[in-house]
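**Q** What follows is the file work.txt, containing compact mmCIF, C-alpha atoms:
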```txt
# COMPACT_ATOMS: atom_id res chain seq x y z
CA GLN A 15 0.00 0.00 0.00
CA GLY A 16 1.04 3.62 -0.42
CA ASP A 17 3.60 5.15 -2.73
CA HIS A 18 6.80 3.83 -1.15
CA ALA A 19 6.23 0.16 -0.39
CA VAL A 20 9.57 -1.65 -0.28
CA LEU A 21 10.65 -5.22 -0.96
CA TYR A 22 13.93 -5.97 0.85
CA ILE A 23 16.00 -9.05 0.05
CA ARG A 24 19.19 -10.46 1.56
CA ILE A 25 21.03 -13.33 -0.21
CA ASN A 26 23.42 -15.71 1.53
CA ASP A 27 25.37 -16.83 -1.58
CA VAL A 28 25.40 -14.09 -4.22
CA ALA A 29 27.81 -15.95 -6.52
CA ALA A 30 25.47 -18.96 -6.74
CA ALA A 31 22.50 -16.67 -7.38
CA VAL A 32 24.30 -14.87 -10.20
CA GLY A 33 25.40 -18.21 -11.69
CA LYS A 34 21.78 -19.42 -11.77
CA GLU A 35 20.54 -16.04 -13.10
CA ALA A 36 18.21 -15.83 -10.12
CA ARG A 37 15.60 -13.08 -10.02
CA LEU A 38 12.23 -12.22 -8.50
CA HIS A 39 9.12 -11.65 -10.63
CA LEU A 40 6.30 -9.59 -9.14
CA PHE A 41 2.72 -9.84 -10.39
CA GLN A 42 -0.29 -7.84 -9.28
CA ALA A 43 -2.80 -10.38 -7.94
CA GLN A 44 -5.51 -9.35 -10.39
CA GLU A 45 -3.18 -9.63 -13.39
CA TRP A 46 -1.80 -13.00 -12.29
CA LEU A 47 -5.29 -14.45 -11.81
CA LYS A 48 -6.30 -13.19 -15.26
CA LEU A 49 -3.23 -14.87 -16.71
CA GLN A 50 -4.09 -18.14 -14.96
CA ASP A 51 -7.72 -18.04 -16.16
CA SER A 52 -6.82 -17.07 -19.70
CA THR A 53 -8.01 -19.39 -22.46
CA GLN A 54 -4.73 -18.92 -24.30
CA ASP A 55 -2.11 -21.58 -23.67
CA HIS A 56 0.81 -19.48 -22.44
CA SER A 57 4.16 -21.16 -22.01
CA CYS A 58 6.13 -20.86 -18.78
CA GLY A 59 8.43 -18.21 -20.27
CA GLU A 60 5.51 -16.20 -21.67
CA LYS A 61 3.80 -16.09 -18.28
CA LEU A 62 6.95 -14.93 -16.53
CA SER A 63 7.60 -12.28 -19.17
CA LYS A 64 4.33 -10.57 -18.27
CA ALA A 65 5.48 -9.72 -14.73
CA GLN A 66 4.87 -6.09 -13.74
CA LEU A 67 8.25 -5.88 -11.95
CA THR A 68 11.46 -7.93 -12.14
CA MET A 69 14.30 -7.81 -9.63
CA PRO A 70 17.66 -9.50 -10.39
CA MET A 71 19.28 -11.14 -7.36
CA ASN A 72 22.87 -9.96 -7.87
CA HIS A 73 23.73 -8.18 -4.59
CA THR A 74 23.94 -9.33 -0.99
CA GLU A 75 21.29 -6.82 0.06
CA GLN A 76 18.82 -5.15 -2.27
CA ASN A 77 15.74 -2.94 -2.07
CA LEU A 78 12.95 -2.61 -4.62
CA THR A 79 10.53 0.30 -4.21
CA VAL A 80 7.02 -0.30 -5.55
CA THR A 81 5.31 2.98 -6.45
CA GLN A 82 1.99 4.21 -7.83
CA ILE A 83 -0.30 1.85 -5.92
CA PRO A 84 -3.65 3.71 -5.88
CA TYR A 85 -5.14 1.45 -3.19
CA PRO A 86 -3.81 -1.48 -1.11
CA GLU A 87 -3.55 -4.67 -3.12
CA THR A 88 -2.01 -8.13 -3.04
CA TRP A 89 1.09 -9.00 -5.06
CA TYR A 90 2.47 -12.42 -5.99
CA VAL A 91 6.28 -12.76 -5.76
CA PHE A 92 7.94 -15.65 -7.64
CA TYR A 93 11.53 -16.85 -7.44
CA VAL A 94 12.79 -17.60 -10.97
CA ASP A 95 16.14 -18.82 -12.34
CA LYS A 96 17.40 -20.40 -15.59
CA PHE A 97 16.13 -23.82 -14.49
CA THR A 98 12.57 -22.74 -13.64
CA CYS A 99 11.01 -23.49 -17.02
CA GLU A 100 13.05 -26.62 -17.74
CA GLU A 101 11.31 -29.97 -17.42
CA ASN A 102 14.27 -31.56 -15.62
CA TYR A 103 14.38 -28.80 -13.00
CA GLU A 104 13.72 -31.25 -10.17
CA ASN A 105 16.78 -33.25 -11.24
CA SER A 106 19.02 -30.22 -11.29
CA GLU A 107 22.17 -30.71 -9.23
CA SER A 108 22.66 -26.99 -8.59
CA GLU A 109 22.52 -25.68 -5.05
CA ASP A 110 19.43 -24.03 -3.64
CA ILE A 111 19.59 -20.28 -3.17
CA GLN A 112 18.83 -19.25 0.39
CA PHE A 113 17.53 -15.73 0.84
CA GLU A 114 15.47 -13.65 3.25
CA MET A 115 12.67 -11.45 1.90
CA VAL A 116 10.78 -8.75 3.80
CA LEU A 117 7.91 -6.64 2.45
CA LEU A 118 7.28 -3.32 4.19
CA ASN A 119 4.45 -0.83 3.86
CA PRO A 120 5.12 2.89 4.46
CA ASP A 121 4.21 4.35 7.83
CA ALA A 122 2.34 7.63 8.40
CA GLU A 123 5.44 9.63 7.36
CA GLY A 124 6.00 7.64 4.19
CA ASN A 125 8.93 5.62 5.54
CA PRO A 126 8.86 1.87 4.77
CA LEU A 127 8.87 0.82 8.43
CA ASP A 128 5.28 -0.31 9.03
CA HIS A 129 5.01 -4.06 9.66
CA PHE A 130 1.21 -4.04 9.41
CA SER A 131 -0.39 -5.24 6.22
CA ALA A 132 -3.21 -3.23 4.67
CA GLY A 133 -5.67 -5.67 6.26
CA GLU A 134 -4.23 -5.07 9.74
CA SER A 135 -3.53 -1.33 9.65
CA GLY A 136 -5.61 0.56 12.19
CA LEU A 137 -6.28 -2.44 14.47
CA HIS A 138 -3.46 -1.47 16.83
CA GLU A 139 -4.96 2.00 17.35
CA PHE A 140 -8.47 0.53 17.68
CA PHE A 141 -7.47 -1.85 20.48
CA PHE A 142 -5.61 0.96 22.25
CA LEU A 143 -8.78 3.10 22.22
CA LEU A 144 -10.85 0.09 23.30
CA VAL A 145 -8.57 -0.64 26.28
CA LEU A 146 -8.64 3.07 27.19
CA ALA A 147 -12.47 3.05 27.07
CA TYR A 148 -12.59 -0.02 29.35
CA PHE A 149 -10.21 1.68 31.79
CA ILE A 150 -12.27 4.88 31.92
CA ALA A 151 -15.54 2.93 32.30
CA THR A 152 -13.97 0.89 35.11
CA CYS A 153 -12.92 4.04 36.96
CA ILE A 154 -16.43 5.48 36.68
CA TYR A 155 -18.71 2.48 37.24
CA ALA A 156 -16.70 -0.25 39.02
CA GLN A 157 -17.45 0.90 42.56
CA SER A 158 -21.21 1.31 42.09
CA LEU A 159 -21.44 -2.03 40.26
CA TRP A 160 -19.50 -3.78 43.03
CA GLN A 161 -21.84 -2.32 45.65
CA THR A 162 -24.85 -3.54 43.67
CA LEU A 163 -23.39 -7.04 43.44
CA LYS A 164 -22.65 -7.10 47.18
CA LYS A 165 -26.28 -6.27 47.97
CA GLY A 166 -27.55 -9.35 46.12
CA GLY A 167 -31.18 -9.09 45.07
CA PRO A 168 -33.10 -10.28 42.03
CA MET A 169 -30.49 -9.14 39.51
CA HIS A 170 -27.50 -10.58 41.35
CA THR A 171 -26.90 -13.72 39.23
CA VAL A 172 -27.50 -11.98 35.90
CA LEU A 173 -25.22 -9.06 36.77
CA LYS A 174 -22.53 -11.40 38.06
CA VAL A 175 -22.43 -13.34 34.78
CA LEU A 176 -22.61 -10.14 32.71
CA SER A 177 -19.68 -8.71 34.68
CA THR A 178 -17.66 -11.89 34.13
CA VAL A 179 -18.34 -11.67 30.38
CA LEU A 180 -17.24 -8.03 30.44
CA LEU A 181 -13.99 -8.95 32.20
CA PHE A 182 -13.19 -11.53 29.51
CA GLN A 183 -14.01 -8.97 26.80
CA ALA A 184 -11.62 -6.50 28.38
CA GLY A 185 -8.98 -9.22 28.80
CA SER A 186 -9.25 -10.14 25.12
CA ALA A 187 -8.89 -6.48 24.07
CA PHE A 188 -5.85 -5.97 26.32
CA ALA A 189 -4.14 -9.16 25.06
CA ASN A 190 -4.78 -8.09 21.45
CA TYR A 191 -3.32 -4.66 22.20
CA LEU A 192 -0.14 -6.21 23.64
CA HIS A 193 0.16 -8.52 20.63
CA PHE A 194 -0.22 -5.69 18.12
CA SER A 195 2.14 -3.43 20.10
CA SER A 196 4.84 -6.08 19.87
CA TYR A 197 4.03 -6.72 16.21
CA ALA A 198 4.46 -3.03 15.40
CA LYS A 199 8.07 -3.23 16.60
CA ASP A 200 9.35 -6.48 15.13
CA GLY A 201 6.76 -7.78 12.67
CA ILE A 202 6.40 -10.98 14.74
CA GLY A 203 4.33 -9.93 17.74
CA ALA A 204 3.50 -12.06 20.75
CA PRO A 205 1.76 -15.22 19.50
CA PHE A 206 0.96 -16.28 23.07
CA MET A 207 -0.92 -13.02 23.70
CA GLY A 208 -2.77 -13.46 20.40
CA SER A 209 -3.82 -16.98 21.42
CA LEU A 210 -4.79 -15.72 24.89
CA ALA A 211 -7.00 -13.05 23.30
CA GLU A 212 -8.76 -15.71 21.23
CA LEU A 213 -9.21 -17.93 24.30
CA CYS A 214 -10.74 -15.03 26.28
CA ASP A 215 -13.10 -14.31 23.41
CA ILE A 216 -14.18 -17.97 23.18
CA VAL A 217 -14.93 -18.09 26.93
CA CYS A 218 -16.79 -14.78 26.65
CA GLN A 219 -18.94 -16.04 23.76
CA ILE A 220 -19.74 -19.30 25.57
CA GLN A 221 -20.70 -17.58 28.83
CA MET A 222 -22.91 -15.01 27.14
CA LEU A 223 -24.60 -17.64 24.99
CA TYR A 224 -25.40 -19.81 28.03
CA LEU A 225 -26.73 -16.82 29.97
CA LEU A 226 -29.00 -15.58 27.18
CA LEU A 227 -30.27 -19.05 26.32
CA SER A 228 -30.95 -19.89 29.98
CA LEU A 229 -32.95 -16.69 30.35
CA CYS A 230 -34.78 -16.87 27.03
CA MET A 231 -35.61 -20.56 26.99
CA GLY A 232 -36.63 -20.58 30.66
CA TRP A 233 -38.79 -17.56 30.01
CA MET A 234 -40.49 -18.96 26.91
CA ILE A 235 -41.03 -22.48 28.28
CA GLY A 236 -42.29 -21.04 31.54
CA ARG A 237 -44.73 -18.69 29.82
CA MET A 238 -46.42 -21.58 28.10
CA LYS A 239 -47.45 -23.00 31.47
CA LYS A 240 -48.73 -19.80 33.08
CA SER A 241 -51.73 -17.63 32.60
CA GLN A 242 -51.18 -14.06 31.46
CA SER A 243 -52.16 -12.78 34.93
CA ARG A 244 -49.10 -14.34 36.56
CA PRO A 245 -46.03 -12.11 36.88
CA LEU A 246 -43.03 -12.52 34.61
CA GLN A 247 -40.61 -15.17 35.81
CA TRP A 248 -37.51 -16.62 34.19
CA ASP A 249 -37.17 -20.14 35.50
CA SER A 250 -34.25 -22.43 34.69
CA THR A 251 -36.13 -25.62 33.87
CA PRO A 252 -34.50 -28.96 32.90
CA ALA A 253 -35.71 -28.43 29.33
CA SER A 254 -34.25 -24.91 29.04
CA THR A 255 -31.00 -25.97 30.68
CA GLY A 256 -30.69 -28.94 28.32
CA ILE A 257 -31.26 -26.80 25.23
CA ALA A 258 -28.75 -24.23 26.45
CA VAL A 259 -26.09 -26.88 27.15
CA VAL A 260 -26.50 -28.54 23.72
CA VAL A 261 -26.21 -25.22 21.85
CA VAL A 262 -23.26 -24.06 23.97
CA VAL A 263 -21.36 -27.32 23.41
CA THR A 264 -22.05 -27.08 19.66
CA GLN A 265 -20.75 -23.51 19.51
CA SER A 266 -17.69 -24.44 21.59
CA ILE A 267 -16.78 -27.24 19.17
CA LEU A 268 -17.20 -24.93 16.17
CA LEU A 269 -15.13 -22.15 17.76
CA ILE A 270 -12.25 -24.52 18.57
CA TRP A 271 -12.50 -26.13 15.11
CA GLU A 272 -12.29 -22.67 13.54
CA GLN A 273 -9.12 -21.86 15.52
CA PHE A 274 -7.40 -24.98 14.16
CA GLU A 275 -8.42 -24.17 10.58
CA ASP A 276 -7.23 -20.56 10.72
CA THR A 277 -4.06 -20.03 12.79
CA ASN A 278 -3.91 -16.23 12.38
CA HIS A 279 -4.27 -14.47 15.69
CA HIS A 280 -7.64 -12.76 15.41
CA SER A 281 -10.97 -13.64 16.94
CA TYR A 282 -13.21 -13.11 13.91
CA HIS A 283 -12.08 -15.12 10.93
CA SER A 284 -12.49 -14.87 7.18
CA HIS A 285 -15.45 -17.29 6.97
CA HIS A 286 -14.06 -19.34 4.10
CA SER A 287 -13.91 -22.55 6.15
CA LEU A 288 -16.71 -25.00 6.92
CA ALA A 289 -16.48 -24.32 10.67
CA SER A 290 -16.92 -20.57 10.16
CA GLY A 291 -19.93 -21.12 7.91
CA LEU A 292 -21.59 -23.46 10.41
CA LEU A 293 -20.89 -20.97 13.22
CA ILE A 294 -22.59 -18.18 11.33
CA GLY A 295 -25.52 -20.46 10.50
CA LEU A 296 -25.91 -21.35 14.19
CA ARG A 297 -26.02 -17.69 15.19
CA VAL A 298 -28.58 -16.88 12.51
CA CYS A 299 -30.81 -19.75 13.69
CA LEU A 300 -30.52 -18.57 17.30
CA SER A 301 -31.45 -15.02 16.30
CA LEU A 302 -34.48 -16.14 14.30
CA SER A 303 -35.79 -18.53 16.97
CA LEU A 304 -35.33 -15.89 19.67
CA ALA A 305 -37.04 -13.22 17.59
CA CYS A 306 -40.02 -15.48 16.88
CA GLY A 307 -40.44 -16.44 20.53
CA LEU A 308 -40.18 -12.86 21.77
CA TYR A 309 -42.61 -11.66 19.11
CA GLN A 310 -45.24 -14.13 20.29
CA ILE A 311 -44.89 -12.88 23.86
CA ILE A 312 -44.83 -9.17 22.96
CA ARG A 313 -47.84 -9.52 20.65
CA VAL A 314 -50.19 -10.68 23.41
CA GLU A 315 -48.80 -8.45 26.18
CA ARG A 316 -51.12 -5.58 27.17
CA SER A 317 -48.86 -3.77 29.64
CA THR A 318 -46.84 -1.00 27.97
CA LEU A 319 -44.11 -1.28 30.61
CA LYS A 320 -43.72 -5.02 30.10
CA ARG A 321 -43.67 -4.64 26.33
CA GLU A 322 -40.92 -2.05 26.69
CA PHE A 323 -38.95 -4.46 28.85
CA TYR A 324 -39.41 -7.33 26.39
CA VAL A 325 -38.44 -5.19 23.38
CA THR A 326 -35.30 -3.84 25.08
CA PHE A 327 -34.22 -7.32 26.12
CA ALA A 328 -34.87 -8.61 22.59
CA LYS A 329 -32.71 -5.83 21.10
CA GLY A 330 -29.78 -6.71 23.33
CA CYS A 331 -30.00 -10.47 22.64
CA ILE A 332 -30.55 -10.26 18.89
CA LEU A 333 -27.77 -7.67 18.47
CA TRP A 334 -25.35 -10.03 20.24
CA PHE A 335 -26.28 -13.04 18.11
CA LEU A 336 -26.85 -11.37 14.73
CA CYS A 337 -24.02 -8.80 14.54
CA HIS A 338 -21.40 -11.35 13.46
CA PRO A 339 -23.41 -12.94 10.59
CA GLY A 340 -24.67 -9.51 9.52
CA LEU A 341 -21.22 -7.94 9.36
CA ALA A 342 -19.78 -11.01 7.61
CA THR A 343 -22.45 -10.51 4.91
CA ILE A 344 -21.88 -6.75 4.66
CA SER A 345 -18.11 -7.23 4.42
CA VAL A 346 -18.40 -8.73 0.91
CA LEU A 347 -19.12 -5.18 -0.30
CA PHE A 348 -15.61 -4.12 0.76
CA ARG A 349 -12.25 -4.94 -0.73
CA ASP A 350 -10.44 -8.06 0.49
CA TYR A 351 -7.99 -6.19 2.71
CA GLN A 352 -10.84 -4.31 4.46
CA ARG A 353 -13.07 -7.26 5.33
CA GLU A 354 -11.29 -8.53 8.44
CA LYS A 355 -11.16 -5.03 9.93
CA VAL A 356 -14.86 -4.43 9.22
CA ILE A 357 -15.85 -7.70 10.92
CA THR A 358 -13.47 -7.39 13.88
CA ILE A 359 -14.20 -3.75 14.74
CA GLY A 360 -17.91 -4.03 13.95
CA VAL A 361 -18.52 -7.16 16.05
CA ILE A 362 -16.65 -5.78 19.07
CA LEU A 363 -18.56 -2.49 18.95
CA CYS A 364 -21.95 -4.19 18.44
CA GLN A 365 -21.40 -6.65 21.28
CA SER A 366 -20.27 -3.81 23.52
CA ILE A 367 -23.50 -1.95 22.72
CA SER A 368 -25.44 -5.14 23.50
CA MET A 369 -23.71 -5.35 26.88
CA VAL A 370 -24.61 -1.73 27.65
CA ILE A 371 -28.27 -2.36 26.74
CA LEU A 372 -28.47 -5.41 29.03
CA TYR A 373 -26.65 -3.68 31.89
CA ARG A 374 -29.01 -0.69 31.75
CA LEU A 375 -32.01 -3.02 31.61
CA PHE A 376 -31.06 -5.12 34.64
CA LEU A 377 -29.80 -2.15 36.67
CA SER A 378 -33.02 -0.20 36.08
CA HIS A 379 -34.95 -0.79 39.32
CA SER A 380 -37.91 1.24 38.19
CA LEU A 381 -38.42 -0.91 35.09
CA TYR A 382 -37.04 -4.34 35.90
CA TRP A 383 -38.36 -4.60 39.45
CA GLU A 384 -41.85 -3.57 38.46
CA VAL A 385 -41.96 -5.99 35.54
CA SER A 386 -40.70 -8.82 37.75
CA SER A 387 -43.32 -7.96 40.43
CA LEU A 388 -41.66 -7.73 43.83
CA SER A 389 -44.70 -9.35 45.42
CA SER A 390 -43.78 -12.62 43.67
CA VAL A 391 -41.40 -15.06 45.32
CA THR A 392 -40.31 -16.34 41.91
CA LEU A 393 -37.52 -13.98 40.83
CA PRO A 394 -35.22 -14.20 37.78
CA LEU A 395 -33.01 -17.23 37.52
CA THR A 396 -34.67 -18.80 40.57
CA VAL A 397 -36.92 -21.79 41.08
CA ALA A 398 -39.72 -21.52 43.63
CA SER A 399 -39.63 -24.15 46.31
CA GLY A 400 -42.30 -23.91 49.00
CA HIS A 401 -42.07 -20.77 51.14
CA LYS A 402 -38.98 -19.24 49.51
CA SER A 403 -36.90 -19.41 46.37
CA ARG A 404 -33.36 -20.64 45.92
CA HIS A 405 -30.84 -19.48 43.30
CA TYR A 406 -30.36 -21.87 40.45
CA PHE A 407 -28.13 -21.30 37.43
```
Would you encode the structure as structure tokens?
**A**
Amino acid sequence: QGDHAVLYIRINDVAAAVGKEARLHLFQAQEWLKLQDSTQDHSCGEKLSKAQLTMPMNHTEQNLTVTQIPYPETWYVFYVDKFTCEENYENSESEDIQFEMVLLNPDAEGNPLDHFSAGESGLHEFFFLLVLAYFIATCIYAQSLWQTLKKGGPMHTVLKVLSTVLLFQAGSAFANYLHFSSYAKDGIGAPFMGSLAELCDIVCQIQMLYLLLSLCMGWMIGRMKKSQSRPLQWDSTPASTGIAVVVVVTQSILLIWEQFEDTNHHSYHSHHSLASGLLIGLRVCLSLSLACGLYQIIRVERSTLKREFYVTFAKGCILWFLCHPGLATISVLFRDYQREKVITIGVILCQSISMVILYRLFLSHSLYWEVSSLSSVTLPLTVASGHKSRHYF
């Protein structure tokens, strides 16, 4: 990308490279793919002659500056020597040429020192701002949230799980920031921190999925057995717990499978693998089933306050489930190098908004407490047993 992208090469044995007439051929990705798909039967030499840039390997260290790139794009780099197009190349007794090649994009000042590819540029700054936002939010709200959790009450279990999810989200963002900070310096990064960020994100996704499914399925199954005059109650029944466990285990398997298929250190992958496709399909199905169930409940509800509560809860849940499939679909409108950034940044922001919606809903005493009816002994995530209720999650 940019106007001063540089290809740097260092050769161990220059004499052997010169003897083999070694050189590098650079093709723009679009031109190379056209050449491969062409109906004309080009010979090996004809294909290589159509390279946009050629770099002879005749010095120990060399630089090649690539200019006039209007927008970031992919290039193919091929090693070529006098044996490349010969049929008996594999039987050649000549020594292999060992060389080191580094491709550098220009930084903000135009110097070729930026290790980030076009698809990664901007992610370092994004994670820095995200970590800063978490730090500021912690300074402002941590004490009041801790006091609320210490008091217990009807929202205690929900808020405790939401807070745990938030901690894993923040941990994933911080680990990603450390990885990208190291990558900016040496072009290698900290693979352990990248893997840790992915692990935190997987745990976060699993916890949030189990929480939302336990609430939603317990709510919907419970509503079928109660008259409309009974107060709202979210009961964890064996049926709802079983459904939640099956879906969570399925998502866990798909998430781990996806990590093995794509070893790059980012939490939201390119969706070209079977695991990624199945994961998106699962989230779409969850969103649709949840939307249908909530619509049935909202449609027959007469209380404006309860409808408002249901609608707000539905927005938070559906946004969490549907943002990833939606952004993966929207990303096809962007260029290849922009898609990962669109998905990564978009999903993190959408899920953060979902967390804010759910926090405000469950911390709103005036709305949540009235909807749950304080006169009832059956409070959220509890199962009534005789004279009092016990927590069950």
**Q** For each of A:Lys320, A:Arg37, A:His338, A:His129, take the minimum atom-to-atom distance to Lys199 of chain A, counting only C-alpha atoms, then give the residue where this is smallest.
**A** A:His129
**Q** Using only C-alpha atoms, list the residues that have an atom at most 12 Å from (15.4, -9.9, -8.3), coordinates as in the file, as a CSV table (one decimal) with C-alpha atoms, keeping the file's coordinate frame.
**A**
```csv
chain,number,residue,atom,x,y,z
A,21,LEU,CA,10.6,-5.2,-1.0
A,22,TYR,CA,13.9,-6.0,0.8
A,23,ILE,CA,16.0,-9.0,0.0
A,24,ARG,CA,19.2,-10.5,1.6
A,25,ILE,CA,21.0,-13.3,-0.2
A,28,VAL,CA,25.4,-14.1,-4.2
A,31,ALA,CA,22.5,-16.7,-7.4
A,32,VAL,CA,24.3,-14.9,-10.2
A,34,LYS,CA,21.8,-19.4,-11.8
A,35,GLU,CA,20.5,-16.0,-13.1
A,36,ALA,CA,18.2,-15.8,-10.1
A,37,ARG,CA,15.6,-13.1,-10.0
A,38,LEU,CA,12.2,-12.2,-8.5
A,39,HIS,CA,9.1,-11.6,-10.6
A,40,LEU,CA,6.3,-9.6,-9.1
A,65,ALA,CA,5.5,-9.7,-14.7
A,67,LEU,CA,8.2,-5.9,-12.0
A,68,THR,CA,11.5,-7.9,-12.1
A,69,MET,CA,14.3,-7.8,-9.6
A,70,PRO,CA,17.7,-9.5,-10.4
A,71,MET,CA,19.3,-11.1,-7.4
A,72,ASN,CA,22.9,-10.0,-7.9
A,73,HIS,CA,23.7,-8.2,-4.6
A,74,THR,CA,23.9,-9.3,-1.0
A,75,GLU,CA,21.3,-6.8,0.1
A,76,GLN,CA,18.8,-5.2,-2.3
A,77,ASN,CA,15.7,-2.9,-2.1
A,78,LEU,CA,13.0,-2.6,-4.6
A,91,VAL,CA,6.3,-12.8,-5.8
A,92,PHE,CA,7.9,-15.6,-7.6
A,93,TYR,CA,11.5,-16.8,-7.4
A,94,VAL,CA,12.8,-17.6,-11.0
A,95,ASP,CA,16.1,-18.8,-12.3
A,113,PHE,CA,17.5,-15.7,0.8
A,115,MET,CA,12.7,-11.4,1.9
```
**Q** Between atom CA of Ile83 of chain A and atom CA of Ser195 of chain A, what distance in Å does the model show, to one decimal?
**A**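 These atoms are spaced 26.7 Å apart.
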**Q** Pull the neighbourhood of (-41.9, -6.1, 16.9) for me: all residues within 12 Å in file coordinates, counting all atoms listed in the file, as a JSON list (two decimals) with C-alpha atoms, keeping the file's coordinate frame.
**A**
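File written: part-v9.json
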```json
[["chain", "number", "residue", "atom", "x", "y", "z"],
["A", 305, "ALA", "CA", -37.04, -13.22, 17.59],
["A", 306, "CYS", "CA", -40.02, -15.48, 16.88],
["A", 307, "GLY", "CA", -40.44, -16.44, 20.53],
["A", 308, "LEU", "CA", -40.18, -12.86, 21.77],
["A", 309, "TYR", "CA", -42.61, -11.66, 19.11],
["A", 310, "GLN", "CA", -45.24, -14.13, 20.29],
["A", 311, "ILE", "CA", -44.89, -12.88, 23.86],
["A", 312, "ILE", "CA", -44.83, -9.17, 22.96],
["A", 313, "ARG", "CA", -47.84, -9.52, 20.65],
["A", 314, "VAL", "CA", -50.19, -10.68, 23.41],
["A", 315, "GLU", "CA", -48.80, -8.45, 26.18],
["A", 321, "ARG", "CA", -43.67, -4.64, 26.33],
["A", 322, "GLU", "CA", -40.92, -2.05, 26.69],
["A", 324, "TYR", "CA", -39.41, -7.33, 26.39],
["A", 325, "VAL", "CA", -38.44, -5.19, 23.38],
["A", 326, "THR", "CA", -35.30, -3.84, 25.08],
["A", 328, "ALA", "CA", -34.87, -8.61, 22.59],
["A", 329, "LYS", "CA", -32.71, -5.83, 21.10]]
```
**Q** Would you mind listing what lies within 9 Å of Asn190 of chain A as a PyMOL selection string, with all atoms listed in the file counted and same-chain residues fewer than 4 positions away left out?
**A** chain A and resi 138+141+185-186+194-195+207-212+279-280
**Q** Env of segment 355-366 of chain A: 6 Å cut, atoms = only C-alpha atoms, seq-sep filter 3 positions within chain, self excluded. Answer as a ChimeraX atom specification.
**A** /A:282,334,337-338,341,352,369
**Q** Can you list, as a list of chain:residue names, every protein, DNA or RNA residue that comes within 7 Å of Ser301 of chain A when you count only C-alpha atoms, leaving out same-chain residues fewer than 5 positions away?
**A**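 So the residues in contact are A:Ile332, A:Phe335, A:Leu336.
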